[in-house]
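Asker: Below you will find the structure I want to go over with you.
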Amino acid sequence: MGAGVHGGFGSTFGARQSGILVADSSLVGNGQGAALASYAKRVSKEPGYTDVAIHGAPGYVSVFIKTSNGEDRIDLNHRSLAKYLKQDKGYAGGKIRLLSCKTGSPTGTFAQNLANKLGVVVRAPSDTLHIFPNGRIVIGPNSFTNTGRWIDYYPKGRKRRKNEH
Amino acid sequence: MIIIRKEEREGKMNIKTVGYFKEMPHGNKSSASIYDYINNGNAGEIEHICHYLESGIEFIVSPEISEDIINPAKGTAGVISDYTDGTWLWPGDLSYYVKNYGLKIPEEFLQTMRANNWKVPITLDDLDFDDIEIDGKKVFDE
């Protein structure tokens, strides 16, 4: 379990659809960056992949939740996210594309660990992801520098393949 | 004779970037240093400024978490999505530095906020994506 206050998904987020996307899974929260949920719907779908939209970093993903005292950030490791996805009706199994920043960074481990845990291919961005209102995606250090790429991570024991997009 | 500017003739909206300091991972490397702007805040207007920055239109969404670049031990500074009021574009973590480090906002941007009575005057629907330029560069050229 990553840092944060969440103790597991079984009786909270899990066992139900996130309610935000029909065919995909989104775990955005209602705090900062909540627009990610609606913007994720505008991104062109990748055949065979389920999009998972969540705020991220090379080693973890996070959800921002409004509270009476402001806002809490809940960090999740790959095990917590895998548990959530297995219980989410928006995910029927198969390949995953993470709409989540830097989770595919070669210096991180999140996408590889998630692929190992779920036993499926996980496609993730090598750098920061920027989603424009028309669904266009830029992968790079800022919105105007498209220097990154998608990387496919295969479950442990299989070869990793890089995809240029 | 009335001269119609090119931007007006073609209905372009040119939005200017502000607050992308060079130390930020999502900053502009040719921009100023954030250290030249902190502890020099606009006293008396900080609450108004932060409210304005936080109520901007989330225009370009980025699912990345921004850490405090001045004191990383403090943790999260926000998300790095780009926000706009139709005139300016700023990063989502800018208000954090105004609130926590007394970051000074450029006077030209402040004038816009005051003229708007501290309320962002547009919604996402008011933005015509086909005609938006950011710092003179077309956003959607595909």
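By convention here, the chains of the structure tokens are called A, B, ... in the order presented, each chain's residues are numbered starting at 1, and ligands are numbered starting at 1 in the order presented.
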What are the closest atom pairs, with distances in Å to one decimal, for all residues of chain B lying within 8 Å of chain A? Consider only C-alpha atoms, order rows by chain and residue number, and present the result as a Markdown table.

Answerer:
| residue | atom | partner | partner_atom | distance |
| --- | --- | --- | --- | --- |
| B:Pro25 | CA | A:Pro141 | CA | 6.6 |
| B:His26 | CA | A:Asn142 | CA | 5.0 |
| B:Gly27 | CA | A:Asn142 | CA | 7.2 |
| B:Glu58 | CA | A:Ala35 | CA | 7.0 |
| B:Phe59 | CA | A:Pro133 | CA | 6.7 |
| B:Ile60 | CA | A:Phe132 | CA | 4.8 |
| B:Val61 | CA | A:Ile131 | CA | 5.0 |
| B:Ser62 | CA | A:His130 | CA | 4.6 |
| B:Pro63 | CA | A:His55 | CA | 4.2 |
| B:Glu64 | CA | A:Cys101 | CA | 5.0 |
| B:Ile65 | CA | A:Gly56 | CA | 6.4 |
| B:Gly78 | CA | A:Gln32 | CA | 7.0 |
| B:Val79 | CA | A:Gly33 | CA | 6.3 |
| B:Ser81 | CA | A:Gly33 | CA | 7.1 |
| B:Phe129 | CA | A:Pro133 | CA | 7.8 |

Asker: Go ahead and write the residues just picked, N, CA and C atoms, as a CSV table (one decimal), in the first residue's frame.

Answerer:
chain,number,residue,atom,x,y,z
B,25,PRO,N,9.3,21.4,-13.3
B,25,PRO,CA,9.5,20.4,-14.3
B,25,PRO,C,8.7,20.7,-15.5
B,26,HIS,N,7.6,21.4,-15.4
B,26,HIS,CA,6.7,21.7,-16.5
B,26,HIS,C,6.9,23.2,-16.9
B,27,GLY,N,8.0,23.8,-16.4
B,27,GLY,CA,8.2,25.2,-16.6
B,27,GLY,C,8.9,25.4,-18.0
B,58,GLU,N,-9.8,24.7,-16.6
B,58,GLU,CA,-8.8,23.7,-16.8
B,58,GLU,C,-8.8,23.4,-18.3
B,59,PHE,N,-7.8,23.9,-19.0
B,59,PHE,CA,-7.8,23.9,-20.4
B,59,PHE,C,-7.0,22.7,-21.0
B,60,ILE,N,-5.8,22.5,-20.6
B,60,ILE,CA,-5.0,21.4,-21.0
B,60,ILE,C,-4.8,20.5,-19.8
B,61,VAL,N,-5.3,19.3,-19.8
B,61,VAL,CA,-5.3,18.5,-18.6
B,61,VAL,C,-4.1,17.6,-18.5
B,62,SER,N,-3.5,17.6,-17.4
B,62,SER,CA,-2.3,16.7,-17.2
B,62,SER,C,-2.4,15.9,-15.9
B,63,PRO,N,-2.5,14.6,-16.0
B,63,PRO,CA,-2.6,13.8,-14.8
B,63,PRO,C,-1.3,13.6,-14.1
B,64,GLU,N,-0.6,14.7,-13.8
B,64,GLU,CA,0.7,14.6,-13.1
B,64,GLU,C,0.6,15.3,-11.8
B,65,ILE,N,1.2,14.8,-10.8
B,65,ILE,CA,1.3,15.4,-9.5
B,65,ILE,C,2.5,16.3,-9.4
B,78,GLY,N,0.3,20.5,-6.1
B,78,GLY,CA,-1.0,20.5,-7.0
B,78,GLY,C,-0.8,19.6,-8.2
B,79,VAL,N,-1.7,19.9,-9.2
B,79,VAL,CA,-1.5,19.2,-10.4
B,79,VAL,C,-1.0,20.2,-11.4
B,81,SER,N,-2.0,20.7,-14.7
B,81,SER,CA,-2.8,21.1,-15.8
B,81,SER,C,-2.7,22.6,-16.0
B,129,PHE,N,-11.6,26.4,-30.0
B,129,PHE,CA,-10.3,25.7,-30.1
B,129,PHE,C,-9.6,25.9,-31.4

Asker: If you run DSSP on this backbone, which residues of segment 70-124 of chain B come out as strand (DSSP E or B), and could you give them as a PyMOL selection string?

Answerer: chain B and resi 76-79+82-84+88-91

Asker: Go ahead and write the residues just picked, C-alpha atoms, as a CSV table (one decimal), in the first residue's frame.

Answerer:
chain,number,residue,atom,x,y,z
B,76,THR,CA,2.3,18.1,-3.2
B,77,ALA,CA,2.0,21.5,-4.8
B,78,GLY,CA,-1.0,20.5,-7.0
B,79,VAL,CA,-1.5,19.2,-10.4
B,82,ASP,CA,-2.9,24.4,-17.6
B,83,TYR,CA,-5.6,26.9,-16.5
B,84,THR,CA,-6.9,29.9,-18.4
B,88,TRP,CA,-3.7,34.1,-19.6
B,89,LEU,CA,-2.6,30.5,-19.2
B,90,TRP,CA,-1.0,29.4,-15.9
B,91,PRO,CA,0.0,26.0,-14.3

Asker: Please extract the residues of chain B with a backbone DSSP assignment of alpha helix (DSSP H) and present them as a ChimeraX atom specification.

Answerer: /B:6-9,46-54,94-101,107-115

Asker: List as a count of residues only the protein and nucleic acid residues near segment 38-40 of chain B, meaning an atom at most 7 Å away when only C-alpha atoms are counted, but skip any in the same chain fewer than 5 places from it.

Answerer: 4

Asker: As a list in words, please: the residues near Leu98 of chain A (cut-off 6 Å, only C-alpha atoms, same-chain neighbours under 2 positions excluded).

Answerer: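 In the requested form, the answer reads Asp51, Val52, Ser100 and Ala124 of chain A.
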
Asker: Restricting the output to C-alpha atoms, write the selected residues as a JSON list (two decimals), in the first residue's frame.

Answerer:
[["chain", "number", "residue", "atom", "x", "y", "z"],
["A", 51, "ASP", "CA", -8.06, 3.24, -20.71],
["A", 52, "VAL", "CA", -7.35, 3.86, -17.05],
["A", 100, "SER", "CA", -1.41, 8.64, -16.15],
["A", 124, "ALA", "CA", 2.04, 3.83, -20.38]]
